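Data from target_9.cif: mmCIF, C-alpha atoms
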data_target
loop_
_atom_site.label_atom_id
_atom_site.label_comp_id
_atom_site.auth_asym_id
_atom_site.auth_seq_id
_atom_site.Cartn_x
_atom_site.Cartn_y
_atom_site.Cartn_z
CA LYS M 1 20.67 -29.09 3.69
CA MET M 2 19.00 -32.47 3.20
CA GLU M 3 15.96 -31.21 5.10
CA ARG M 4 15.70 -28.17 2.83
CA ALA M 5 16.01 -30.42 -0.22
CA ASN M 6 13.12 -32.55 1.03
CA THR M 7 10.79 -29.67 1.76
CA THR M 8 11.65 -27.37 -1.13
CA LEU M 9 12.13 -29.11 -4.43
CA VAL M 10 11.22 -25.91 -6.27
CA LYS M 11 14.27 -23.64 -6.76
CA ASP M 12 12.54 -21.13 -9.04
CA PHE M 13 9.01 -19.93 -9.57
CA TYR M 14 7.56 -18.72 -12.86
CA LEU M 15 5.43 -15.57 -12.88
CA THR M 16 2.38 -15.06 -15.10
CA GLU M 17 2.36 -12.13 -17.52
CA LEU M 18 -0.49 -9.62 -17.51
CA SER M 19 -1.36 -10.69 -21.04
CA ASP M 20 -0.45 -13.70 -23.18
CA LEU M 21 -0.87 -11.67 -26.38
CA PRO M 22 2.57 -10.75 -27.81
CA GLU M 23 1.14 -7.77 -29.78
CA VAL M 24 0.12 -5.92 -26.58
CA ARG M 25 3.37 -6.64 -24.70
CA ILE M 26 5.14 -3.43 -25.74
CA SER M 27 2.00 -1.31 -25.16
CA LEU M 28 1.65 -2.79 -21.66
CA PHE M 29 5.36 -2.24 -20.97
CA VAL M 30 5.09 1.45 -21.97
CA MET M 31 1.84 1.94 -20.01
CA VAL M 32 3.17 0.33 -16.79
CA LEU M 33 6.50 2.21 -17.10
CA LEU M 34 4.67 5.55 -17.54
CA ILE M 35 2.37 4.87 -14.57
CA TYR M 36 5.40 3.95 -12.45
CA LEU M 37 7.32 7.11 -13.48
CA VAL M 38 4.26 9.30 -12.76
CA THR M 39 3.95 7.56 -9.35
CA LEU M 40 7.61 8.28 -8.52
CA ALA M 41 7.33 11.89 -9.71
CA GLY M 42 4.03 12.60 -7.91
CA ASN M 43 4.98 11.08 -4.57
CA GLY M 44 8.52 12.42 -4.83
CA ALA M 45 7.07 15.92 -5.35
CA ILE M 46 4.89 15.60 -2.20
CA LEU M 47 7.93 14.46 -0.17
CA LEU M 48 9.99 17.37 -1.54
CA ALA M 49 7.23 19.88 -0.73
CA ILE M 50 6.75 18.62 2.86
CA TRP M 51 10.43 18.22 3.72
CA THR M 52 11.46 21.65 2.41
CA ASP M 53 8.63 23.75 3.87
CA ASP M 54 8.60 24.58 7.58
CA HIS M 55 4.85 25.34 7.47
CA LEU M 56 4.18 21.72 6.53
CA GLN M 57 6.04 20.22 9.50
CA THR M 58 2.72 19.36 11.15
CA PRO M 59 1.39 15.89 12.10
CA MET M 60 -1.01 15.72 9.13
CA TYR M 61 1.76 16.38 6.60
CA LEU M 62 4.30 14.16 8.35
CA PHE M 63 1.83 11.28 8.08
CA LEU M 64 1.20 12.24 4.45
CA SER M 65 4.95 12.07 3.75
CA SER M 66 4.95 8.53 5.19
CA LEU M 67 2.07 7.64 2.87
CA SER M 68 3.95 9.06 -0.13
CA LEU M 69 7.04 7.04 0.82
CA LEU M 70 4.89 3.88 0.98
CA ASP M 71 3.37 4.75 -2.40
CA ILE M 72 6.89 4.87 -3.87
CA LEU M 73 8.03 1.63 -2.21
CA CYS M 74 4.91 -0.48 -2.87
CA PRO M 75 5.08 -0.46 -6.72
CA THR M 76 8.91 -0.58 -6.56
CA VAL M 77 8.57 -4.07 -5.04
CA THR M 78 6.69 -5.45 -8.08
CA VAL M 79 6.97 -3.14 -11.12
CA PRO M 80 10.73 -3.43 -12.01
CA LYS M 81 10.46 -7.26 -12.11
CA MET M 82 7.24 -6.97 -14.13
CA LEU M 83 8.95 -4.68 -16.69
CA HIS M 84 11.91 -7.08 -16.86
CA VAL M 85 9.52 -9.97 -17.68
CA PHE M 86 7.86 -7.88 -20.44
CA LEU M 87 11.21 -7.21 -22.12
CA SER M 88 13.21 -10.39 -21.54
CA GLN M 89 10.38 -12.95 -21.57
CA ASP M 90 12.27 -14.62 -18.68
CA LYS M 91 9.45 -15.22 -16.20
CA ARG M 92 11.63 -16.92 -13.58
CA ILE M 93 11.99 -15.60 -10.04
CA SER M 94 14.22 -17.42 -7.54
CA PHE M 95 12.79 -18.94 -4.35
CA GLU M 96 14.65 -16.30 -2.28
CA GLY M 97 13.65 -13.49 -4.67
CA CYS M 98 10.02 -14.54 -4.40
CA MET M 99 10.26 -14.64 -0.60
CA LEU M 100 11.74 -11.11 -0.48
CA GLN M 101 9.12 -9.76 -2.89
CA LEU M 102 6.28 -11.22 -0.84
CA PHE M 103 7.80 -9.96 2.43
CA PHE M 104 8.19 -6.36 1.25
CA LEU M 105 4.80 -6.28 -0.46
CA ILE M 106 2.90 -7.47 2.64
CA ASP M 107 5.01 -5.11 4.76
CA MET M 108 4.04 -2.09 2.59
CA VAL M 109 0.33 -3.02 2.35
CA GLY M 110 0.10 -3.72 6.11
CA THR M 111 1.90 -0.49 7.04
CA GLU M 112 -0.43 1.50 4.77
CA ILE M 113 -3.54 0.01 6.45
CA PHE M 114 -2.26 1.08 9.91
CA LEU M 115 -1.07 4.47 8.63
CA LEU M 116 -4.48 5.29 7.12
CA ALA M 117 -6.05 4.51 10.54
CA VAL M 118 -3.54 6.84 12.26
CA MET M 119 -4.29 9.58 9.69
CA ALA M 120 -8.04 9.18 10.30
CA TYR M 121 -7.47 9.48 14.07
CA ASP M 122 -5.32 12.59 13.48
CA ARG M 123 -8.18 14.24 11.53
CA TYR M 124 -10.64 13.19 14.25
CA VAL M 125 -8.55 14.91 16.97
CA ALA M 126 -8.05 18.02 14.77
CA ILE M 127 -11.78 18.46 14.09
CA CYS M 128 -13.41 17.06 17.25
CA SER M 129 -10.88 18.19 19.90
CA PRO M 130 -8.99 21.13 18.34
CA LEU M 131 -8.00 22.61 21.73
CA HIS M 132 -6.24 19.40 22.78
CA TYR M 133 -4.72 18.72 19.35
CA THR M 134 -1.18 19.97 20.06
CA ASN M 135 -1.01 17.95 23.30
CA ILE M 136 -2.38 14.72 21.83
CA MET M 137 -0.53 14.94 18.50
CA SER M 138 2.81 16.19 19.80
CA LYS M 139 5.96 15.68 17.72
CA ARG M 140 7.01 12.81 19.97
CA GLY M 141 3.53 11.23 19.79
CA CYS M 142 3.53 11.48 15.98
CA ALA M 143 6.99 9.92 15.73
CA GLN M 144 5.86 7.04 17.98
CA LEU M 145 2.66 6.50 15.97
CA THR M 146 4.57 6.52 12.67
CA ALA M 147 7.26 4.15 13.99
CA GLY M 148 4.50 1.92 15.39
CA THR M 149 2.78 1.62 11.99
CA TRP M 150 6.04 0.67 10.24
CA LEU M 151 7.04 -1.79 12.98
CA THR M 152 3.60 -3.49 13.00
CA GLY M 153 3.82 -3.78 9.20
CA VAL M 154 7.21 -5.55 9.46
CA ILE M 155 6.07 -7.98 12.22
CA ASN M 156 2.84 -8.77 10.36
CA SER M 157 4.80 -9.47 7.17
CA MET M 158 7.38 -11.65 8.97
CA VAL M 159 4.58 -13.89 10.30
CA HIS M 160 2.92 -14.35 6.88
CA THR M 161 6.17 -14.74 4.93
CA SER M 162 7.64 -17.35 7.30
CA MET M 163 4.36 -19.32 7.32
CA THR M 164 4.26 -19.28 3.50
CA PHE M 165 7.86 -20.25 2.76
CA THR M 166 8.13 -23.02 5.37
CA LEU M 167 5.48 -24.91 3.35
CA SER M 168 6.62 -27.66 0.96
CA PHE M 169 6.82 -26.81 -2.74
CA CYS M 170 7.31 -29.80 -5.04
CA GLY M 171 5.85 -28.41 -8.28
CA PRO M 172 4.06 -27.11 -10.28
CA ASN M 173 5.89 -23.83 -9.88
CA LYS M 174 3.90 -21.37 -12.02
CA ILE M 175 2.46 -18.52 -9.93
CA SER M 176 -0.84 -17.31 -11.36
CA GLN M 177 0.08 -13.67 -10.65
CA TYR M 178 2.66 -11.23 -12.06
CA TYR M 179 4.41 -11.03 -8.66
CA CYS M 180 4.73 -13.22 -5.54
CA ASP M 181 1.68 -12.86 -3.30
CA ILE M 182 0.32 -14.99 -0.45
CA LEU M 183 -2.61 -16.76 -2.12
CA PRO M 184 -1.00 -17.59 -5.50
CA VAL M 185 2.21 -18.83 -3.80
CA ARG M 186 0.36 -20.93 -1.22
CA ALA M 187 -1.79 -22.39 -4.01
CA LEU M 188 1.38 -24.13 -5.27
CA SER M 189 2.20 -25.82 -1.95
CA CYS M 190 2.00 -29.59 -1.72
CA SER M 191 1.57 -29.47 2.07
CA SER M 192 -1.52 -28.42 4.02
CA THR M 193 -2.15 -24.65 4.07
CA TYR M 194 -5.01 -24.91 6.60
CA PHE M 195 -3.09 -23.46 9.58
CA PRO M 196 -1.31 -20.63 7.64
CA GLU M 197 -4.67 -19.67 6.09
CA LEU M 198 -6.35 -19.65 9.51
CA VAL M 199 -3.57 -17.39 10.85
CA ARG M 200 -3.88 -15.11 7.80
CA LEU M 201 -7.64 -14.66 8.26
CA LEU M 202 -7.27 -14.21 12.04
CA ILE M 203 -4.59 -11.52 11.66
CA ALA M 204 -6.57 -9.83 8.87
CA GLY M 205 -9.62 -9.87 11.15
CA ILE M 206 -7.86 -8.60 14.28
CA LEU M 207 -5.24 -6.14 12.95
CA GLY M 208 -6.88 -5.20 9.64
CA GLY M 209 -10.36 -5.14 11.20
CA GLY M 210 -9.06 -3.05 14.13
CA ALA M 211 -7.44 -0.49 11.81
CA PHE M 212 -10.58 -0.41 9.66
CA LEU M 213 -12.79 0.19 12.74
CA VAL M 214 -10.55 3.05 13.95
CA THR M 215 -10.83 4.62 10.47
CA VAL M 216 -14.60 4.19 10.20
CA ILE M 217 -15.38 5.36 13.78
CA SER M 218 -13.06 8.39 13.35
CA TYR M 219 -14.95 9.37 10.19
CA ILE M 220 -18.38 8.90 11.77
CA TYR M 221 -17.35 11.39 14.49
CA ILE M 222 -15.67 13.72 11.96
CA ILE M 223 -18.70 13.85 9.62
CA SER M 224 -21.17 14.38 12.48
CA ALA M 225 -18.93 17.17 13.92
CA ILE M 226 -18.70 18.86 10.49
CA LEU M 227 -22.47 18.68 9.95
CA CYS M 228 -23.01 20.37 13.35
CA MET M 229 -20.82 23.36 12.36
CA HIS M 230 -22.79 26.59 11.95
CA SER M 231 -20.42 28.23 9.47
CA ALA M 232 -20.66 27.04 5.86
CA ASP M 233 -17.06 28.21 5.35
CA GLY M 234 -15.88 26.09 8.30
CA ARG M 235 -17.78 23.07 6.96
CA GLY M 236 -16.20 23.48 3.52
CA LYS M 237 -12.69 23.78 4.95
CA ALA M 238 -13.12 20.75 7.21
CA PHE M 239 -14.57 18.63 4.39
CA SER M 240 -11.71 19.57 2.04
CA THR M 241 -9.02 18.46 4.55
CA CYS M 242 -10.79 15.13 5.16
CA GLY M 243 -12.21 14.51 1.70
CA SER M 244 -8.88 13.64 0.10
CA HIS M 245 -7.96 11.22 2.90
CA LEU M 246 -11.40 9.59 2.77
CA THR M 247 -11.07 9.11 -1.03
CA VAL M 248 -7.67 7.42 -0.56
CA VAL M 249 -9.10 5.21 2.23
CA CYS M 250 -12.01 4.06 0.02
CA LEU M 251 -9.69 3.33 -2.92
CA PHE M 252 -7.20 1.40 -0.83
CA TYR M 253 -9.63 -0.59 1.31
CA GLY M 254 -11.87 -1.45 -1.61
CA THR M 255 -9.04 -3.06 -3.57
CA THR M 256 -7.15 -4.71 -0.67
CA ILE M 257 -10.29 -6.25 0.87
CA ALA M 258 -11.15 -7.67 -2.55
CA THR M 259 -7.67 -9.26 -2.70
CA TYR M 260 -6.88 -10.46 0.83
CA VAL M 261 -9.99 -10.74 3.00
CA ARG M 262 -11.61 -13.87 1.62
CA PRO M 263 -11.14 -17.65 1.75
CA PRO M 264 -8.83 -19.37 -0.79
CA SER M 265 -11.90 -21.05 -2.36
CA ALA M 266 -12.99 -17.62 -3.67
CA TYR M 267 -9.60 -17.10 -5.34
CA SER M 268 -9.82 -16.18 -9.03
CA PRO M 269 -6.39 -15.65 -10.73
CA LYS M 270 -7.60 -13.49 -13.64
CA GLN M 271 -9.77 -11.25 -11.46
CA ASP M 272 -6.91 -10.99 -8.96
CA ARG M 273 -4.46 -9.69 -11.54
CA ILE M 274 -6.84 -6.81 -12.38
CA VAL M 275 -7.63 -5.96 -8.72
CA SER M 276 -3.97 -6.09 -7.68
CA MET M 277 -3.10 -3.76 -10.58
CA LEU M 278 -5.49 -1.26 -8.99
CA TYR M 279 -4.03 -1.24 -5.48
CA GLY M 280 -0.43 -2.10 -6.42
CA ILE M 281 0.11 0.26 -9.34
CA ILE M 282 -2.84 2.62 -9.96
CA THR M 283 -3.66 3.71 -6.36
CA PRO M 284 -0.06 4.83 -5.54
CA MET M 285 -0.16 7.00 -8.70
CA VAL M 286 -3.58 8.50 -7.90
CA ASN M 287 -2.90 9.26 -4.21
CA PRO M 288 -0.57 12.28 -4.74
CA MET M 289 -3.00 13.70 -7.31
CA ILE M 290 -5.87 13.47 -4.81
CA TYR M 291 -3.78 15.17 -2.10
CA SER M 292 -1.91 17.80 -4.11
CA LEU M 293 -4.76 18.86 -6.41
CA ARG M 294 -7.04 19.47 -3.42
CA ASN M 295 -4.40 21.06 -1.23
CA LYS M 296 -3.27 24.66 -1.76
CA GLU M 297 -0.55 24.43 0.92
CA VAL M 298 1.15 21.45 -0.76
CA LYS M 299 0.93 23.13 -4.19
CA ARG M 300 2.38 26.37 -2.80
CA ALA M 301 5.22 24.51 -1.05
CA LEU M 302 5.98 22.54 -4.20
CA VAL M 303 6.10 25.63 -6.39
CA LYS M 304 8.43 27.22 -3.82
CA ALA M 305 10.63 24.10 -3.64
CA LEU M 306 10.98 24.02 -7.41
CA SER M 307 11.71 27.77 -7.44
CA LEU M 308 8.86 28.44 -9.87
CA GLN M 309 7.05 30.92 -7.67
CA ARG M 310 5.41 33.63 -9.73
CA PHE M 311 5.81 37.14 -8.39
#
Turn this file's structure into structure tokens for me.
Amino acid sequence: KMERANTTLVKDFYLTELSDLPEVRISLFVMVLLIYLVTLAGNGAILLAIWTDDHLQTPMYLFLSSLSLLDILCPTVTVPKMLHVFLSQDKRISFEGCMLQLFFLIDMVGTEIFLLAVMAYDRYVAICSPLHYTNIMSKRGCAQLTAGTWLTGVINSMVHTSMTFTLSFCGPNKISQYYCDILPVRALSCSSTYFPELVRLLIAGILGGGAFLVTVISYIYIISAILCMHSADGRGKAFSTCGSHLTVVCLFYGTTIATYVRPPSAYSPKQDRIVSMLYGIITPMVNPMIYSLRNKEVKRALVKALSLQRF
């Protein structure tokens, strides 16, 4: 206990609000709450459609249901606390609460990076090796790939969280972000963050870079295969199944790279709050719209699930 007292003098952290202006507090509360409710409804609808329709029990849709689950969990880690701060003006978060928030957030973001790579590989096999698709992407293979993405996300998060919260915190204790994230929390440490930062950049380079390469290479092959198709109808169909995934990939990677893949010296709190709003709150809301609006099968399954089918 004495050792803990020496290393961690900070019992609580204080979060930063999105805006210091009291007149916009209620507007921001309503806006964030609406975005969160739309996110829950949109991703919940995709999960309902996939789980209730036998035609959608295919690898592509099983991976999509995993993505929708992540898009529900990711904002759930940060938004309820954010809404509580808006209403109560109590910006405190306990040391343990901060640790849990950071753990789950990194877990969700990491899992999504690996899942998007798996989804890109799935589309690559479907378009470039259609005859071998059922053998390569068997139900067992899909279950293993999905479990692998979630497990890697957990291990990755455990490494970063333990390396962050074994640092010494002796004040100040104001986090320059509206939730607990690696860089803003480590910025408050009074011990050296050199080694944890090195590990963070190495893991981001190896795991994140590996997943990014799989995604990019898969799409290079997919696009070249589509362009070689003789039928315009076939090209259109192939592009529509990959277009939505590619849009989600660009949205997600653009915002997460801007947040995580850079040295601490390039850290800008104000800019970070805007960028993290994009990938933490806006992207999970937009993803189901991208998938369901472009996908007739999902729309049909959803209409059927909600018993609104028009005869």
Non-local contacts of stretch 27-38 of chain M (10 Å; only C-alpha atoms; under 6 positions in same chain excluded) as a PyMOL selection string: chain M and resi 18-19+44+72+75-76+79-80+82-87+277+281-282+284-286+288
Selected residue of minimal separation from M:Ala225 among M:Leu102, M:Pro172, M:Ala238, M:Ala187, counting all atoms listed in the file: M:Ala238
Report the residues retrieved by the PyMOL selection byres ((chain M and resi 58) around 12) from the displayed file, expressed as a PDB file with C-alpha atoms, in the coordinates of the input.
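File written: result36.pdb
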ATOM      1  CA  ILE M  50       6.750  18.620   2.860  1.00  0.00           C
ATOM      2  CA  TRP M  51      10.430  18.220   3.720  1.00  0.00           C
ATOM      3  CA  ASP M  53       8.630  23.750   3.870  1.00  0.00           C
ATOM      4  CA  ASP M  54       8.600  24.580   7.580  1.00  0.00           C
ATOM      5  CA  HIS M  55       4.850  25.340   7.470  1.00  0.00           C
ATOM      6  CA  LEU M  56       4.180  21.720   6.530  1.00  0.00           C
ATOM      7  CA  GLN M  57       6.040  20.220   9.500  1.00  0.00           C
ATOM      8  CA  PRO M  59       1.390  15.890  12.100  1.00  0.00           C
ATOM      9  CA  MET M  60      -1.010  15.720   9.130  1.00  0.00           C
ATOM     10  CA  TYR M  61       1.760  16.380   6.600  1.00  0.00           C
ATOM     11  CA  LEU M  62       4.300  14.160   8.350  1.00  0.00           C
ATOM     12  CA  PHE M  63       1.830  11.280   8.080  1.00  0.00           C
ATOM     13  CA  LEU M  64       1.200  12.240   4.450  1.00  0.00           C
ATOM     14  CA  SER M  65       4.950  12.070   3.750  1.00  0.00           C
ATOM     15  CA  ASP M 122      -5.320  12.590  13.480  1.00  0.00           C
ATOM     16  CA  ALA M 126      -8.050  18.020  14.770  1.00  0.00           C
ATOM     17  CA  TYR M 133      -4.720  18.720  19.350  1.00  0.00           C
ATOM     18  CA  THR M 134      -1.180  19.970  20.060  1.00  0.00           C
ATOM     19  CA  MET M 137      -0.530  14.940  18.500  1.00  0.00           C
ATOM     20  CA  SER M 138       2.810  16.190  19.800  1.00  0.00           C
ATOM     21  CA  LYS M 139       5.960  15.680  17.720  1.00  0.00           C
ATOM     22  CA  ARG M 140       7.010  12.810  19.970  1.00  0.00           C
ATOM     23  CA  GLY M 141       3.530  11.230  19.790  1.00  0.00           C
ATOM     24  CA  CYS M 142       3.530  11.480  15.980  1.00  0.00           C
ATOM     25  CA  ALA M 143       6.990   9.920  15.730  1.00  0.00           C
ATOM     26  CA  GLU M 297      -0.550  24.430   0.920  1.00  0.00           C
TER      27      GLU M 297
END
Check which residues of stretch 72-121 of chain M sit at most 10 Å from stretch 251-254 of chain M using only C-alpha atoms, and return one row each with the closest pair of atoms and their distance in Å to one decimal, ordered by chain and rising number, as JSON lines.
{"residue": "M:Val109", "atom": "CA", "partner": "M:Phe252", "partner_atom": "CA", "distance": 9.3}
{"residue": "M:Glu112", "atom": "CA", "partner": "M:Phe252", "partner_atom": "CA", "distance": 8.8}
{"residue": "M:Ile113", "atom": "CA", "partner": "M:Tyr253", "partner_atom": "CA", "distance": 8.0}
{"residue": "M:Leu116", "atom": "CA", "partner": "M:Phe252", "partner_atom": "CA", "distance": 9.3}
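Across the model, the gap from atom CA of M:Leu48 to atom CA of M:Lys304 is 10.2 Å.
Compared by their closest atoms to M:Cys98, and using all atoms listed in the file, the residues M:Lys11, M:His160, M:Arg123, M:Lys296 rank with M:Lys11 nearest.
Atom CA of M:Cys250 is found 16.7 Å from atom CA of M:Ser68.
Those residues that approach stretch 211-222 of chain M to within 8 Å, counting only C-alpha atoms, are M:Ile113, M:Phe114, M:Leu116, M:Ala117, M:Val118, M:Ala120, M:Tyr121, M:Arg123, M:Tyr124, M:Ile127, M:Cys128, M:Leu207, M:Gly208, M:Gly209, M:Ser224, M:Ala225, M:Ile226; same-chain residues fewer than 2 positions away are not listed.
Going from atom CA of M:Val303 over to atom CA of M:Thr52, you cover 11.0 Å.
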Selection dump of the PyMOL selection byres ((chain M and resi 152-157) around 9), as a list in words: Leu102, Phe103, Phe104, Leu105, Ile106, Asp107, Met108, Val109, Gly110, Thr111, Glu112, Ile113, Phe114, Ala147, Gly148, Thr149, Trp150, Leu151, Met158, Val159, His160, Thr161, Ser162, Ile203 and Leu207 of chain M
Nearest residue to M:Tyr179 from the set M:Ala41, M:Leu278, M:Leu47, M:Val77 (distances using all atoms listed in the file): M:Val77
To test the calculation: enclose all listed atoms of stretch 67-77 of chain M in a box whose edges run along x, y and z, add 3 Å on each side, then state centre and edge lengths in Å to one decimal, as lines of an AutoDock Vina configuration file.
center_x = 5.5
center_y = 2.5
center_z = -1.9
size_x = 12.8
size_y = 19.1
size_z = 15.6
Shell of 9 Å around M:Ile93, all atoms listed in the file, local chain residues under 2 positions omitted, as JSON, numbers by chain: {"M": [11, 12, 13, 14, 15, 81, 90, 91, 95, 96, 97, 98, 179, 180]}
Same residues, C-alpha atoms, output as a compact mmCIF listing (two decimals), keeping the file's coordinate frame:
# COMPACT_ATOMS: atom_id res chain seq x y z
CA LYS M 11 14.27 -23.64 -6.76
CA ASP M 12 12.54 -21.13 -9.04
CA PHE M 13 9.01 -19.93 -9.57
CA TYR M 14 7.56 -18.72 -12.86
CA LEU M 15 5.43 -15.57 -12.88
CA LYS M 81 10.46 -7.26 -12.11
CA ASP M 90 12.27 -14.62 -18.68
CA LYS M 91 9.45 -15.22 -16.20
CA PHE M 95 12.79 -18.94 -4.35
CA GLU M 96 14.65 -16.30 -2.28
CA GLY M 97 13.65 -13.49 -4.67
CA CYS M 98 10.02 -14.54 -4.40
CA TYR M 179 4.41 -11.03 -8.66
CA CYS M 180 4.73 -13.22 -5.54
